[in-house]
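Beneath this line is the structure, given in C-alpha cells, with notes to follow.
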Amino acid sequence: VFKTLDEVHAFRRDGLARLRLAEPIARKHGLVLAMENHKDFLVPEQIDILRQIDSERLSVLVDHGNNIAMCEQPYAVIEALAPYAVSCHLKDIAVQATEDGFLISEVPFGTGMLDLKRIVGTLAKANPAIDFHVEMATRDPLAVPCRTNAYWAVFPERREADLQRTLAMVAANPPKQPPPTITGLSAERILVNEEKNNRACFQWAVQ
C-alpha cells in the first residue's frame, strides 16, 4: 500500500492517535480491542504501541501468516505476541519462490508449511480462553517482492539477516500442491472452491 517511508510514519502516527481515542470508549463499554498484526507493524513496533497505551482494553489478534510478508519468522511472531493475544486467525500457509521474492497463499489446513499444533499450543498456553477463527481466504497468491529496492523503501532499514532467513524458509518449503487462485474463474466457481477449502480446514481440525 505504501510507497515511501514518510507514508508509513504518517500511517503509524494516525493509527496510534486513533487507538488513543478508541481506548476510553472500549473501557466505558467493557470491550476489548484486538489489534491485528496486518502487514503494517513489525512485531517490536506493535508491542511498543501496546506498551505506550498500556491498557487492559487493548490486546492482539494474532495472524501468524501476515508478518511472513514482512520477512518476520512465523513462530517468533506468535511467541512474541502470545502474551497479549485474545484472538487468532488460524490458517495454513504455502510459499513459492519467484525471481523478485516469493508468493504467499492461504491453503487448507495440513497442506501448507505451518505446524498448526505448535501454533495452537503456544497461544492456548498463554491464554486458555483465546478465540481461534478459521481464516481460509481463497484468492490469488500475494506477491512479496522482497528482493527489490522498492520493497525495502518503506522499512527504516534493510534487514538482510531477516531477508535471508525468509528466503531460506521459502526455499525449504516448496508448495505441496498448486496454491488456490481465482483469476479467470466465475463468481460461482470461486464460491464452490471457497466452500470446499473451508470445509477441508474444519475436517482436518476435527481429525
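The way I read the labels, and the way they are meant: chains A, B, ... in the order of the C-alpha cells, residue 1 as the first residue of every chain, and ligand 1 as the first ligand shown, with later ones counted on from there.
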
- Item | Non-local contacts of Asp162 (chain A) (10 Å; only C-alpha atoms; under 2 positions in same chain excluded) as a ChimeraX atom specification | /A:70-73,158-160,164-168

- Please report, as a PyMOL selection string, each residue of region 37-169 of chain A to which DSSP assigns strand (DSSP E) when run on this structure's backbone. chain A and resi 58-63+85-90+92-98+101-107+131-134+142-144

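If you look at CA of Ser105 (chain A) and CA of Ile93 (chain A), they are 5.6 Å away from each other.
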
- Item | Contacts of region 34-39 of chain A within 12 Å, only C-alpha atoms, excl. fewer than 3 positions in-chain, as a PyMOL selection string | chain A and resi 1-2+8+15-16+18-19+22-23+26+31+42-47+49-50+55-72+74+77-78+80-82+84-89+130-131+142+144+154-155

- Query: Which residues, written as number ranges by chain, have at least one atom at most 10 Å from Pro108 (chain A), with only C-alpha atoms counted and residues fewer than 5 positions away on the same chain left out?
  - Reply: A: 91-94, 134-138, 179-180, 194, 196-204

- Length of the CA of Phe132 (chain A) to CA of Leu90 (chain A) vector [Å]: 6.1 Å

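Taking CA of Lys3 (chain A) as the reference point, CA of Ala150 (chain A) is found at 7.5 Å.
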
- Task: Return as a PyMOL selection string the full set of residues in chain A whose backbone-based DSSP assignment is helix (DSSP H, G or I).
- Result: chain A and resi 5-29+43-53+66-70+74-84+116-126+149-152+160-172+187-206

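Look at Lys117 (chain A): the protein and nucleic acid residues within 12 Å of it, using only C-alpha atoms and passing over chain neighbours fewer than 2 places away, are A:Tyr75, A:Leu90, A:Lys91, A:Asp92, A:Phe109, A:Gly110, A:Leu114, A:Asp115, A:Ile119, A:Val120, A:Gly121, A:Thr122, A:Leu123, A:Ala124, A:Lys125, A:Trp204, A:Ala205.
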
Writer output for current selection, N, CA, C and O atoms, as an mmCIF file, in the first residue's frame:
data_model
loop_
_atom_site.group_PDB
_atom_site.id
_atom_site.type_symbol
_atom_site.label_atom_id
_atom_site.label_comp_id
_atom_site.auth_asym_id
_atom_site.auth_seq_id
_atom_site.Cartn_x
_atom_site.Cartn_y
_atom_site.Cartn_z
ATOM 1 N N TYR A 75 6.869 -18.350 13.774
ATOM 2 C CA TYR A 75 6.818 -18.819 15.163
ATOM 3 C C TYR A 75 7.348 -17.760 16.125
ATOM 4 O O TYR A 75 6.866 -17.647 17.252
ATOM 5 N N LEU A 90 -6.521 -18.425 12.567
ATOM 6 C CA LEU A 90 -5.812 -19.693 12.364
ATOM 7 C C LEU A 90 -5.816 -20.032 10.881
ATOM 8 O O LEU A 90 -6.869 -20.053 10.239
ATOM 9 N N LYS A 91 -4.632 -20.292 10.336
ATOM 10 C CA LYS A 91 -4.506 -20.549 8.903
ATOM 11 C C LYS A 91 -3.268 -21.388 8.636
ATOM 12 O O LYS A 91 -2.373 -21.500 9.474
ATOM 13 N N ASP A 92 -3.239 -21.985 7.457
ATOM 14 C CA ASP A 92 -2.026 -22.633 6.971
ATOM 15 C C ASP A 92 -1.555 -21.840 5.761
ATOM 16 O O ASP A 92 -2.354 -21.215 5.063
ATOM 17 N N PHE A 109 -5.948 -26.329 5.841
ATOM 18 C CA PHE A 109 -5.141 -26.840 6.949
ATOM 19 C C PHE A 109 -4.472 -28.159 6.561
ATOM 20 O O PHE A 109 -5.079 -29.033 5.948
ATOM 21 N N GLY A 110 -3.207 -28.282 6.962
ATOM 22 C CA GLY A 110 -2.486 -29.519 6.735
ATOM 23 C C GLY A 110 -1.821 -29.621 5.382
ATOM 24 O O GLY A 110 -1.073 -30.569 5.140
ATOM 25 N N LEU A 114 2.997 -24.725 7.832
ATOM 26 C CA LEU A 114 2.974 -24.360 9.247
ATOM 27 C C LEU A 114 2.609 -25.533 10.146
ATOM 28 O O LEU A 114 1.799 -26.393 9.778
ATOM 29 N N ASP A 115 3.201 -25.543 11.334
ATOM 30 C CA ASP A 115 2.889 -26.528 12.372
ATOM 31 C C ASP A 115 1.733 -25.965 13.196
ATOM 32 O O ASP A 115 1.942 -25.224 14.166
ATOM 33 N N ILE A 119 1.369 -23.905 16.903
ATOM 34 C CA ILE A 119 0.791 -22.567 16.976
ATOM 35 C C ILE A 119 -0.338 -22.522 17.996
ATOM 36 O O ILE A 119 -0.376 -21.646 18.875
ATOM 37 N N VAL A 120 -1.264 -23.464 17.896
ATOM 38 C CA VAL A 120 -2.392 -23.504 18.828
ATOM 39 C C VAL A 120 -1.894 -23.702 20.251
ATOM 40 O O VAL A 120 -2.357 -23.052 21.195
ATOM 41 N N GLY A 121 -0.923 -24.593 20.420
ATOM 42 C CA GLY A 121 -0.395 -24.866 21.753
ATOM 43 C C GLY A 121 0.251 -23.651 22.385
ATOM 44 O O GLY A 121 0.040 -23.363 23.571
ATOM 45 N N THR A 122 1.031 -22.903 21.609
ATOM 46 C CA THR A 122 1.702 -21.716 22.123
ATOM 47 C C THR A 122 0.688 -20.664 22.564
ATOM 48 O O THR A 122 0.799 -20.083 23.652
ATOM 49 N N LEU A 123 -0.316 -20.423 21.724
ATOM 50 C CA LEU A 123 -1.291 -19.381 22.033
ATOM 51 C C LEU A 123 -2.221 -19.803 23.168
ATOM 52 O O LEU A 123 -2.553 -18.987 24.044
ATOM 53 N N ALA A 124 -2.648 -21.054 23.173
ATOM 54 C CA ALA A 124 -3.555 -21.527 24.222
ATOM 55 C C ALA A 124 -2.856 -21.594 25.580
ATOM 56 O O ALA A 124 -3.499 -21.400 26.620
ATOM 57 N N LYS A 125 -1.564 -21.854 25.582
ATOM 58 C CA LYS A 125 -0.818 -21.855 26.844
ATOM 59 C C LYS A 125 -0.772 -20.451 27.430
ATOM 60 O O LYS A 125 -0.910 -20.260 28.654
ATOM 61 N N TRP A 204 -9.983 -31.260 8.767
ATOM 62 C CA TRP A 204 -8.621 -31.528 9.249
ATOM 63 C C TRP A 204 -8.535 -31.254 10.749
ATOM 64 O O TRP A 204 -7.936 -32.022 11.507
ATOM 65 N N ALA A 205 -9.146 -30.143 11.184
ATOM 66 C CA ALA A 205 -9.088 -29.778 12.602
ATOM 67 C C ALA A 205 -9.778 -30.826 13.467
ATOM 68 O O ALA A 205 -9.278 -31.189 14.546
#
